>>> print(open('work.cif').read())   # mmCIF, C-alpha atoms
data_target
loop_
_atom_site.group_PDB
_atom_site.id
_atom_site.type_symbol
_atom_site.label_atom_id
_atom_site.label_comp_id
_atom_site.auth_asym_id
_atom_site.auth_seq_id
_atom_site.Cartn_x
_atom_site.Cartn_y
_atom_site.Cartn_z
ATOM 1 C CA MET A 8 -18.694 4.580 -24.962
ATOM 2 C CA ALA A 9 -19.943 7.040 -22.342
ATOM 3 C CA LYS A 10 -19.981 10.672 -23.436
ATOM 4 C CA LYS A 11 -17.825 13.170 -21.595
ATOM 5 C CA LEU A 12 -19.766 15.401 -19.254
ATOM 6 C CA VAL A 13 -18.959 18.671 -17.546
ATOM 7 C CA ARG A 14 -17.180 18.152 -14.226
ATOM 8 C CA PHE A 15 -19.441 18.445 -11.200
ATOM 9 C CA ASP A 16 -17.476 21.369 -9.724
ATOM 10 C CA TRP A 17 -17.846 23.368 -12.941
ATOM 11 C CA ALA A 18 -21.543 22.475 -13.054
ATOM 12 C CA MET A 19 -21.915 23.735 -9.464
ATOM 13 C CA LYS A 20 -20.222 26.971 -10.399
ATOM 14 C CA LYS A 21 -22.170 27.655 -13.601
ATOM 15 C CA MET A 22 -25.231 25.434 -14.039
ATOM 16 C CA LEU A 23 -26.632 23.783 -10.912
ATOM 17 C CA ARG A 24 -27.620 27.083 -9.315
ATOM 18 C CA HIS A 25 -30.485 27.431 -11.797
ATOM 19 C CA LYS A 26 -33.862 26.110 -10.676
ATOM 20 C CA ALA A 27 -34.248 24.144 -13.914
ATOM 21 C CA ASN A 28 -31.266 22.033 -12.845
ATOM 22 C CA PHE A 29 -32.217 21.496 -9.195
ATOM 23 C CA ASP A 30 -33.175 17.910 -10.066
ATOM 24 C CA ILE A 31 -29.489 17.016 -10.504
ATOM 25 C CA LEU A 32 -28.493 18.284 -7.056
ATOM 26 C CA GLU A 33 -31.633 16.773 -5.545
ATOM 27 C CA GLY A 34 -30.684 13.391 -6.982
ATOM 28 C CA PHE A 35 -27.160 13.550 -5.573
ATOM 29 C CA LEU A 36 -28.353 14.614 -2.124
ATOM 30 C CA SER A 37 -31.133 12.017 -2.076
ATOM 31 C CA GLU A 38 -28.695 9.175 -2.802
ATOM 32 C CA LEU A 39 -26.059 10.407 -0.335
ATOM 33 C CA LEU A 40 -28.440 11.158 2.542
ATOM 34 C CA SER A 41 -30.800 8.228 1.842
ATOM 35 C CA ASP A 42 -33.716 10.654 1.922
ATOM 36 C CA GLU A 43 -36.022 12.283 -0.605
ATOM 37 C CA VAL A 44 -34.437 15.732 -0.844
ATOM 38 C CA ARG A 45 -36.220 18.690 -2.406
ATOM 39 C CA ILE A 46 -34.395 22.010 -2.817
ATOM 40 C CA LYS A 47 -36.244 25.135 -1.771
ATOM 41 C CA GLN A 48 -33.589 27.635 -2.843
ATOM 42 C CA ILE A 49 -29.895 28.302 -3.395
ATOM 43 C CA LEU A 50 -28.527 30.739 -0.815
ATOM 44 C CA ASP A 51 -25.537 33.072 -0.827
ATOM 45 C CA SER A 52 -23.538 33.964 2.246
ATOM 46 C CA GLU A 53 -20.307 35.584 3.325
ATOM 47 C CA SER A 54 -18.711 32.125 3.387
ATOM 48 C CA ASN A 55 -19.506 31.695 -0.300
ATOM 49 C CA LYS A 56 -17.499 34.714 -1.424
ATOM 50 C CA GLU A 57 -14.886 33.572 -3.906
ATOM 51 C CA THR A 58 -11.280 34.776 -3.835
ATOM 52 C CA GLU A 59 -8.975 34.722 -6.835
ATOM 53 C CA ASP A 60 -7.149 31.731 -5.330
ATOM 54 C CA ASP A 61 -10.438 29.879 -4.837
ATOM 55 C CA LYS A 62 -11.528 30.377 -8.438
ATOM 56 C CA PHE A 63 -10.099 27.041 -9.569
ATOM 57 C CA ASN A 64 -9.260 25.274 -6.319
ATOM 58 C CA ARG A 65 -12.631 25.404 -4.568
ATOM 59 C CA VAL A 66 -16.290 25.594 -5.462
ATOM 60 C CA ASP A 67 -19.118 25.624 -2.942
ATOM 61 C CA ILE A 68 -22.853 26.026 -2.946
ATOM 62 C CA LEU A 69 -25.292 26.584 -0.069
ATOM 63 C CA VAL A 70 -28.707 24.962 -0.389
ATOM 64 C CA GLU A 71 -31.833 25.218 1.721
ATOM 65 C CA ASN A 72 -34.065 22.157 1.404
ATOM 66 C CA GLU A 73 -37.803 21.988 1.989
ATOM 67 C CA LYS A 74 -37.209 20.923 5.603
ATOM 68 C CA GLY A 75 -35.439 24.233 6.229
ATOM 69 C CA GLU A 76 -32.057 22.512 6.602
ATOM 70 C CA LEU A 77 -28.903 24.121 5.215
ATOM 71 C CA VAL A 78 -26.722 21.945 3.003
ATOM 72 C CA ILE A 79 -23.181 23.047 2.135
ATOM 73 C CA ILE A 80 -21.679 21.221 -0.837
ATOM 74 C CA GLU A 81 -18.021 22.000 -1.389
ATOM 75 C CA VAL A 82 -15.579 20.679 -3.969
ATOM 76 C CA GLN A 83 -11.912 21.093 -3.056
ATOM 77 C CA ASN A 84 -9.199 20.379 -5.622
ATOM 78 C CA THR A 85 -6.011 21.098 -3.682
ATOM 79 C CA GLN A 86 -4.460 19.976 -0.415
ATOM 80 C CA GLU A 87 -5.173 22.056 2.694
ATOM 81 C CA TYR A 88 -3.799 20.770 5.978
ATOM 82 C CA ASP A 89 -6.385 22.652 8.026
ATOM 83 C CA TYR A 90 -9.316 21.576 5.863
ATOM 84 C CA PHE A 91 -11.129 19.873 8.770
ATOM 85 C CA HIS A 92 -11.039 23.217 10.579
ATOM 86 C CA ARG A 93 -12.416 24.853 7.444
ATOM 87 C CA MET A 94 -15.346 22.418 7.407
ATOM 88 C CA LEU A 95 -16.135 23.309 11.024
ATOM 89 C CA PHE A 96 -15.857 27.031 10.314
ATOM 90 C CA GLY A 97 -18.147 26.759 7.281
ATOM 91 C CA ALA A 98 -20.859 24.913 9.197
ATOM 92 C CA SER A 99 -20.623 27.267 12.168
ATOM 93 C CA LYS A 100 -20.764 30.350 9.953
ATOM 94 C CA ALA A 101 -23.830 29.020 8.142
ATOM 95 C CA ILE A 102 -25.571 28.613 11.508
ATOM 96 C CA THR A 103 -24.787 32.119 12.725
ATOM 97 C CA GLU A 104 -25.647 33.750 9.390
ATOM 98 C CA HIS A 105 -29.107 32.181 9.302
ATOM 99 C CA ILE A 106 -30.524 32.906 12.733
ATOM 100 C CA LYS A 107 -32.052 36.240 13.634
ATOM 101 C CA GLU A 108 -30.713 38.182 16.596
ATOM 102 C CA GLY A 109 -32.827 37.617 19.681
ATOM 103 C CA SER A 110 -34.249 34.325 18.402
ATOM 104 C CA ALA A 111 -34.529 31.296 20.687
ATOM 105 C CA TYR A 112 -31.770 28.701 20.325
ATOM 106 C CA ALA A 113 -34.398 26.328 18.998
ATOM 107 C CA GLN A 114 -34.335 28.380 15.778
ATOM 108 C CA VAL A 115 -30.788 27.212 14.994
ATOM 109 C CA LYS A 116 -30.872 25.547 11.590
ATOM 110 C CA LYS A 117 -29.631 22.046 10.970
ATOM 111 C CA VAL A 118 -26.494 22.123 8.802
ATOM 112 C CA ILE A 119 -25.214 19.309 6.604
ATOM 113 C CA SER A 120 -21.674 19.843 5.303
ATOM 114 C CA ILE A 121 -20.613 17.772 2.280
ATOM 115 C CA THR A 122 -17.048 17.815 0.976
ATOM 116 C CA ILE A 123 -16.019 16.264 -2.324
ATOM 117 C CA ALA A 124 -12.235 16.083 -2.006
ATOM 118 C CA TYR A 125 -9.965 15.618 -4.991
ATOM 119 C CA PHE A 126 -6.972 15.291 -2.652
ATOM 120 C CA ASP A 127 -6.122 12.827 0.115
ATOM 121 C CA LEU A 128 -7.830 14.405 3.133
ATOM 122 C CA GLY A 129 -6.653 12.944 6.434
ATOM 123 C CA GLN A 130 -5.841 9.270 6.901
ATOM 124 C CA GLY A 131 -8.327 6.518 6.091
ATOM 125 C CA LYS A 132 -8.971 3.628 3.721
ATOM 126 C CA ASP A 133 -12.610 4.348 2.858
ATOM 127 C CA TYR A 134 -13.880 6.788 0.244
ATOM 128 C CA VAL A 135 -17.034 8.003 2.036
ATOM 129 C CA TYR A 136 -17.054 9.200 5.656
ATOM 130 C CA HIS A 137 -19.974 10.442 7.766
ATOM 131 C CA GLY A 138 -19.562 12.363 11.027
ATOM 132 C CA THR A 139 -22.260 13.209 13.586
ATOM 133 C CA THR A 140 -22.309 14.490 17.164
ATOM 134 C CA VAL A 141 -23.110 11.794 19.735
ATOM 135 C CA PHE A 142 -23.035 12.131 23.524
ATOM 136 C CA LYS A 143 -21.898 8.834 25.045
ATOM 137 C CA GLY A 144 -21.892 8.079 28.771
ATOM 138 C CA ILE A 145 -18.380 7.503 30.105
ATOM 139 C CA HIS A 146 -19.601 5.100 32.822
ATOM 140 C CA LYS A 147 -22.681 3.380 31.377
ATOM 141 C CA GLY A 148 -21.788 3.621 27.714
ATOM 142 C CA ASP A 149 -25.303 4.764 26.806
ATOM 143 C CA ILE A 150 -26.162 7.407 24.208
ATOM 144 C CA LEU A 151 -27.779 10.590 25.536
ATOM 145 C CA GLY A 152 -31.180 10.997 23.905
ATOM 146 C CA LEU A 153 -34.012 13.517 23.704
ATOM 147 C CA SER A 154 -36.887 13.486 26.154
ATOM 148 C CA ASP A 155 -40.384 12.641 24.924
ATOM 149 C CA LYS A 156 -41.348 16.326 25.184
ATOM 150 C CA GLN A 157 -38.294 17.429 23.172
ATOM 151 C CA ILE A 158 -39.126 14.880 20.470
ATOM 152 C CA GLU A 159 -42.685 16.185 20.353
ATOM 153 C CA VAL A 160 -41.782 19.886 20.296
ATOM 154 C CA TYR A 161 -38.769 19.849 17.977
ATOM 155 C CA GLN A 162 -39.784 16.948 15.718
ATOM 156 C CA LYS A 163 -36.396 15.294 16.142
ATOM 157 C CA ASN A 164 -35.774 11.722 17.240
ATOM 158 C CA SER A 165 -32.116 11.997 18.243
ATOM 159 C CA VAL A 166 -29.747 14.643 19.595
ATOM 160 C CA HIS A 167 -27.434 14.300 16.593
ATOM 161 C CA GLU A 168 -30.245 15.520 14.312
ATOM 162 C CA ILE A 169 -29.896 18.978 15.890
ATOM 163 C CA TYR A 170 -26.139 19.293 15.419
ATOM 164 C CA PRO A 171 -24.207 19.772 12.166
ATOM 165 C CA GLU A 172 -23.230 16.612 10.364
ATOM 166 C CA TYR A 173 -20.392 16.121 7.941
ATOM 167 C CA TRP A 174 -19.856 14.011 4.851
ATOM 168 C CA VAL A 175 -16.498 13.551 3.125
ATOM 169 C CA ILE A 176 -16.181 11.891 -0.279
ATOM 170 C CA LYS A 177 -12.578 11.113 -1.247
ATOM 171 C CA THR A 178 -12.729 10.506 -4.992
ATOM 172 C CA GLY A 179 -9.107 9.356 -5.182
ATOM 173 C CA LYS A 180 -9.854 6.385 -2.899
ATOM 174 C CA PHE A 181 -12.742 5.212 -5.093
ATOM 175 C CA ARG A 182 -11.630 2.311 -7.320
ATOM 176 C CA ASN A 183 -14.504 2.562 -9.842
ATOM 177 C CA ARG A 184 -16.208 -0.548 -8.452
ATOM 178 C CA ILE A 185 -19.966 0.020 -8.404
ATOM 179 C CA ASN A 186 -21.772 -1.571 -5.438
ATOM 180 C CA ASP A 187 -24.794 0.714 -5.095
ATOM 181 C CA ARG A 188 -26.401 3.834 -6.507
ATOM 182 C CA LEU A 189 -24.253 6.170 -4.419
ATOM 183 C CA ASP A 190 -21.211 4.592 -6.060
ATOM 184 C CA GLU A 191 -22.718 5.509 -9.430
ATOM 185 C CA TRP A 192 -22.685 9.144 -8.336
ATOM 186 C CA ILE A 193 -19.120 8.908 -7.034
ATOM 187 C CA TYR A 194 -18.064 7.349 -10.349
ATOM 188 C CA PHE A 195 -19.497 10.426 -12.066
ATOM 189 C CA LEU A 196 -17.811 12.784 -9.593
ATOM 190 C CA LYS A 197 -14.452 11.126 -10.266
ATOM 191 C CA ASN A 198 -14.668 10.497 -14.000
ATOM 192 C CA ALA A 199 -17.247 13.004 -15.356
ATOM 193 C CA GLU A 200 -18.920 10.043 -17.078
ATOM 194 C CA ILE A 201 -22.214 8.216 -16.597
ATOM 195 C CA LYS A 202 -22.618 4.648 -17.799
ATOM 196 C CA PRO A 203 -25.862 3.646 -19.583
ATOM 197 C CA SER A 204 -26.615 1.120 -16.836
ATOM 198 C CA PHE A 205 -26.621 3.734 -14.042
ATOM 199 C CA SER A 206 -29.982 4.343 -12.370
ATOM 200 C CA ALA A 207 -29.188 6.638 -9.423
ATOM 201 C CA LYS A 208 -31.480 9.620 -8.915
ATOM 202 C CA GLY A 209 -30.352 12.701 -10.806
ATOM 203 C CA LEU A 210 -27.883 10.969 -13.114
ATOM 204 C CA LYS A 211 -30.295 10.729 -16.040
ATOM 205 C CA GLU A 212 -30.827 14.491 -15.792
ATOM 206 C CA ALA A 213 -27.080 15.075 -15.418
ATOM 207 C CA ASN A 214 -26.415 12.992 -18.509
ATOM 208 C CA GLU A 215 -28.822 15.158 -20.502
ATOM 209 C CA LYS A 216 -27.949 18.593 -19.144
ATOM 210 C CA LEU A 217 -24.202 18.408 -18.481
ATOM 211 C CA ASP A 218 -23.053 17.343 -21.935
ATOM 212 C CA ALA A 219 -19.776 19.221 -22.497
ATOM 213 C CA MET A 220 -20.401 19.356 -26.226
ATOM 214 C CA LYS A 221 -23.603 21.347 -25.716
ATOM 215 C CA LEU A 222 -21.902 24.232 -23.921
ATOM 216 C CA PRO A 223 -22.135 27.613 -25.657
ATOM 217 C CA GLU A 224 -18.848 28.567 -27.330
ATOM 218 C CA LYS A 225 -17.905 31.127 -24.675
ATOM 219 C CA GLU A 226 -18.633 28.655 -21.859
ATOM 220 C CA ARG A 227 -16.714 25.892 -23.614
ATOM 221 C CA VAL A 228 -13.618 28.094 -23.888
ATOM 222 C CA ALA A 229 -13.871 28.960 -20.177
ATOM 223 C CA TYR A 230 -14.382 25.301 -19.292
ATOM 224 C CA ASP A 231 -11.337 24.229 -21.324
ATOM 225 C CA LYS A 232 -9.306 26.861 -19.477
ATOM 226 C CA TYR A 233 -10.605 25.482 -16.189
ATOM 227 C CA LEU A 234 -9.528 21.943 -17.148
ATOM 228 C CA LEU A 235 -6.074 23.186 -18.126
ATOM 229 C CA HIS A 236 -5.709 24.867 -14.745
ATOM 230 C CA LEU A 237 -6.695 21.628 -12.978
ATOM 231 C CA MET A 238 -4.060 19.814 -15.039
ATOM 232 C CA SER A 239 -1.521 22.378 -13.842
ATOM 233 C CA ILE A 240 -2.564 21.685 -10.248
ATOM 234 C CA ALA A 241 -2.171 17.930 -10.820
ATOM 235 C CA SER A 242 1.239 18.494 -12.416
ATOM 236 C CA ARG A 243 2.355 20.671 -9.509
ATOM 237 C CA ASN A 244 1.213 18.017 -7.029
ATOM 238 C CA HIS A 245 3.114 15.375 -9.009
ATOM 239 C CA THR A 246 6.250 17.515 -8.873
ATOM 240 C CA ILE A 247 5.872 17.968 -5.123
ATOM 241 C CA GLU A 248 5.519 14.196 -4.734
ATOM 242 C CA ILE A 249 8.784 13.599 -6.614
ATOM 243 C CA GLU A 250 10.558 16.314 -4.620
ATOM 244 C CA THR A 251 9.290 14.783 -1.370
ATOM 245 C CA LYS A 252 10.759 11.395 -2.282
ATOM 246 C CA GLU A 253 14.113 13.066 -2.926
ATOM 247 C CA ILE A 254 13.954 14.950 0.390
ATOM 248 C CA ILE A 255 13.130 11.734 2.282
ATOM 249 C CA LYS A 256 15.908 9.834 0.509
ATOM 250 C CA LYS A 257 18.414 12.504 1.500
ATOM 251 C CA ALA A 258 17.128 12.514 5.082
ATOM 252 C CA TYR A 259 17.663 8.749 5.282
ATOM 253 C CA GLU A 260 21.172 9.077 3.837
ATOM 254 C CA GLU A 261 22.043 11.735 6.396
ATOM 255 C CA LYS A 262 20.405 9.708 9.197
ATOM 256 C CA GLU A 263 18.003 12.507 10.122
ATOM 257 C CA ILE A 264 14.781 10.604 9.599
ATOM 258 C CA GLU A 265 14.366 9.215 13.135
ATOM 259 C CA PHE A 266 15.019 12.641 14.638
ATOM 260 C CA ILE A 267 12.466 14.324 12.372
ATOM 261 C CA LEU A 268 9.789 11.722 13.112
ATOM 262 C CA GLU A 269 10.355 11.639 16.875
ATOM 263 C CA MET A 270 10.588 15.353 17.603
ATOM 264 C CA PRO A 271 6.854 16.163 17.179
ATOM 265 C CA LYS A 272 6.173 13.570 19.895
ATOM 266 C CA GLU A 273 8.467 15.599 22.163
ATOM 267 C CA GLY A 274 6.412 18.710 21.532
ATOM 268 C CA LEU A 275 8.698 20.415 19.026
ATOM 269 C CA THR A 276 7.000 22.445 16.320
ATOM 270 C CA VAL A 277 7.784 22.109 12.635
ATOM 271 C CA SER A 278 9.530 25.479 12.824
ATOM 272 C CA LYS A 279 11.875 24.354 15.622
ATOM 273 C CA ILE A 280 12.625 21.032 13.935
ATOM 274 C CA ALA A 281 13.475 22.871 10.721
ATOM 275 C CA LYS A 282 15.934 25.145 12.538
ATOM 276 C CA ILE A 283 17.663 22.226 14.284
ATOM 277 C CA ALA A 284 17.830 20.095 11.131
ATOM 278 C CA LYS A 285 18.804 23.122 9.019
ATOM 279 C CA ARG A 286 15.981 22.459 6.579
ATOM 280 C CA THR A 287 13.015 24.508 5.432
ATOM 281 C CA GLU A 288 9.691 24.155 7.228
ATOM 282 C CA GLN A 289 8.172 22.964 3.959
ATOM 283 C CA GLU A 290 10.704 20.108 3.708
ATOM 284 C CA ILE A 291 10.024 19.019 7.292
ATOM 285 C CA GLN A 292 6.271 19.156 6.717
ATOM 286 C CA GLN A 293 6.600 17.114 3.517
ATOM 287 C CA ILE A 294 8.593 14.407 5.340
ATOM 288 C CA LEU A 295 6.122 14.240 8.222
ATOM 289 C CA ASP A 296 3.053 14.193 5.972
ATOM 290 C CA SER A 297 4.442 11.547 3.670
ATOM 291 C CA LEU A 298 5.786 9.113 6.280
ATOM 292 C CA THR A 299 3.056 9.451 8.927
ATOM 293 C CA LYS A 300 0.397 8.544 6.323
ATOM 294 C CA LYS A 301 1.971 5.149 5.669
#
>>> encode(input="work.cif", output="structure tokens")
Amino acid sequence: MAKKLVRFDWAMKKMLRHKANFDILEGFLSELLSDEVRIKQILDSESNKETEDDKFNRVDILVENEKGELVIIEVQNTQEYDYFHRMLFGASKAITEHIKEGSAYAQVKKVISITIAYFDLGQGKDYVYHGTTVFKGIHKGDILGLSDKQIEVYQKNSVHEIYPEYWVIKTGKFRNRINDRLDEWIYFLKNAEIKPSFSAKGLKEANEKLDAMKLPEKERVAYDKYLLHLMSIASRNHTIEIETKEIIKKAYEEKEIEFILEMPKEGLTVSKIAKIAKRTEQEIQQILDSLTKK
């Protein structure tokens, strides 16, 4: 039976920022990015400042690797409808915070944004998504590339290597079927367990260093409190799900459902629909979110 390990988000908050534990993060990044990643340092920025609300719902860490690239790793536990916007803001802020005034644009740092989502972000059947910037010709269908001189000067092979790239891991969509070493990591992210057969980079170190039973007493108490808070979040989400089903059932009974679903197509905002239907904005949003995801 696999031993229970500290959740990855707690480890990011308390343990993985120490140089002695860089090998765990390096292993995760190496498997995800299919590259041999070495961490130069952990950075702090304005975007990393934690609010009271973020304390349990979100954890992030900003890493600079030996290539000088910035890697944002963020764990998000609760639903945020504008989370894609947040990802864009985080990457953009990292760029502007790490370039000196008056520097040439060529000094802009490459940013890699990684989100580990413990909620159903967007619509999609997969559990790992990768987004890059590609310029495609609208007439010829070709991909705009770098010139030979640009490749030589900037040591990049493609335009997308200059722009931020985004990774999204949706743990709830992962069905615990292991097909490769990245899946081993996602299994750990979802279950806080590592099977003896796993061989992905960094997992051996994680298995040794993230043993929940080895936490100091004070840390163990704090960790237990953290787990209880996450259970409260899960319970609240479950309650919202039940309430949503009741709201939708009532909307069907009162024959409002077609109106509610069609009105956004006509340009009506959630606020206006709520006023016409004599419902709260939250109820309208719950109906739209639930039914448009099917």
>>> residues_around(input="work.cif", residues="Ser120 in chain A", least_positions_apart="6", cutoff="7 Å", atoms="all atoms listed in the file", output="mmCIF file with C-alpha atoms, in the frame of the given file")
data_model
loop_
_atom_site.group_PDB
_atom_site.id
_atom_site.type_symbol
_atom_site.label_atom_id
_atom_site.label_comp_id
_atom_site.auth_asym_id
_atom_site.auth_seq_id
_atom_site.Cartn_x
_atom_site.Cartn_y
_atom_site.Cartn_z
ATOM 1 C CA VAL A 78 -26.722 21.945 3.003
ATOM 2 C CA ILE A 79 -23.181 23.047 2.135
ATOM 3 C CA ILE A 80 -21.679 21.221 -0.837
ATOM 4 C CA ALA A 98 -20.859 24.913 9.197
ATOM 5 C CA GLU A 172 -23.230 16.612 10.364
ATOM 6 C CA TYR A 173 -20.392 16.121 7.941
ATOM 7 C CA TRP A 174 -19.856 14.011 4.851
#
>>> atom_distance(input="work.cif", atom1="CA of Lys180 in chain A", atom2="CA of Tyr134 in chain A")
5.1 Å
>>> residues_around(input="work.cif", residues="Leu234 in chain A", least_positions_apart="6", cutoff="12 Å", atoms="all atoms listed in the file", output="list in words")
Val13, Arg14, Asp16, Trp17, Phe63, Asn64, Asn84, Ala199, Ala219, Arg227, Val228, Ile240 and Ala241 of chain A
>>> residues_near_point(input="work.cif", point="(-18.3, 11.2, 10.1)", cutoff="12 Å", atoms="only C-alpha atoms", output="PyMOL selection string")
chain A and resi 91+94+119-122+131+133-141+167+171-176
>>> closest_residue(input="work.cif", among="A:Ala18, A:Val44, A:Ile49, A:Leu36", to="Glu73 in chain A", atoms="all atoms listed in the file")
A:Val44
>>> residues_around(input="work.cif", residues="range 157-166 of chain A", least_positions_apart="6", cutoff="12 Å", atoms="only C-alpha atoms", output="list in words")
Lys74, Tyr112, Ala113, Gln114, Val115, Lys116, Lys117, Thr139, Thr140, Val141, Phe142, Lys143, Ile150, Leu151 and Glu172 of chain A
>>> atom_distance(input="work.cif", atom1="CA of Glu288 in chain A", atom2="CA of Ala124 in chain A")
25.1 Å
>>> residues_near_point(input="work.cif", point="(-17.8, 27.6, 2.9)", cutoff="12 Å", atoms="all atoms listed in the file", output="ChimeraX atom specification")
/A:50-58,61,65-70,77-83,90-102,104,118-122
>>> atom_distance(input="work.cif", atom1="CA of Thr85 in chain A", atom2="CA of Leu12 in chain A")
21.5 Å
>>> resolve_selection(input="work.cif", expression="the PyMOL selection byres ((chain A and resi 190) around 10)", output="PyMOL selection string")
chain A and resi 38-39+134-135+181-189+191-196+205+207
>>> resolve_selection(input="work.cif", expression="the PyMOL selection byres ((chain A and resi 268) around 10)", output="PyMOL selection string")
chain A and resi 263-267+269-273+280+291+294-295+298-299
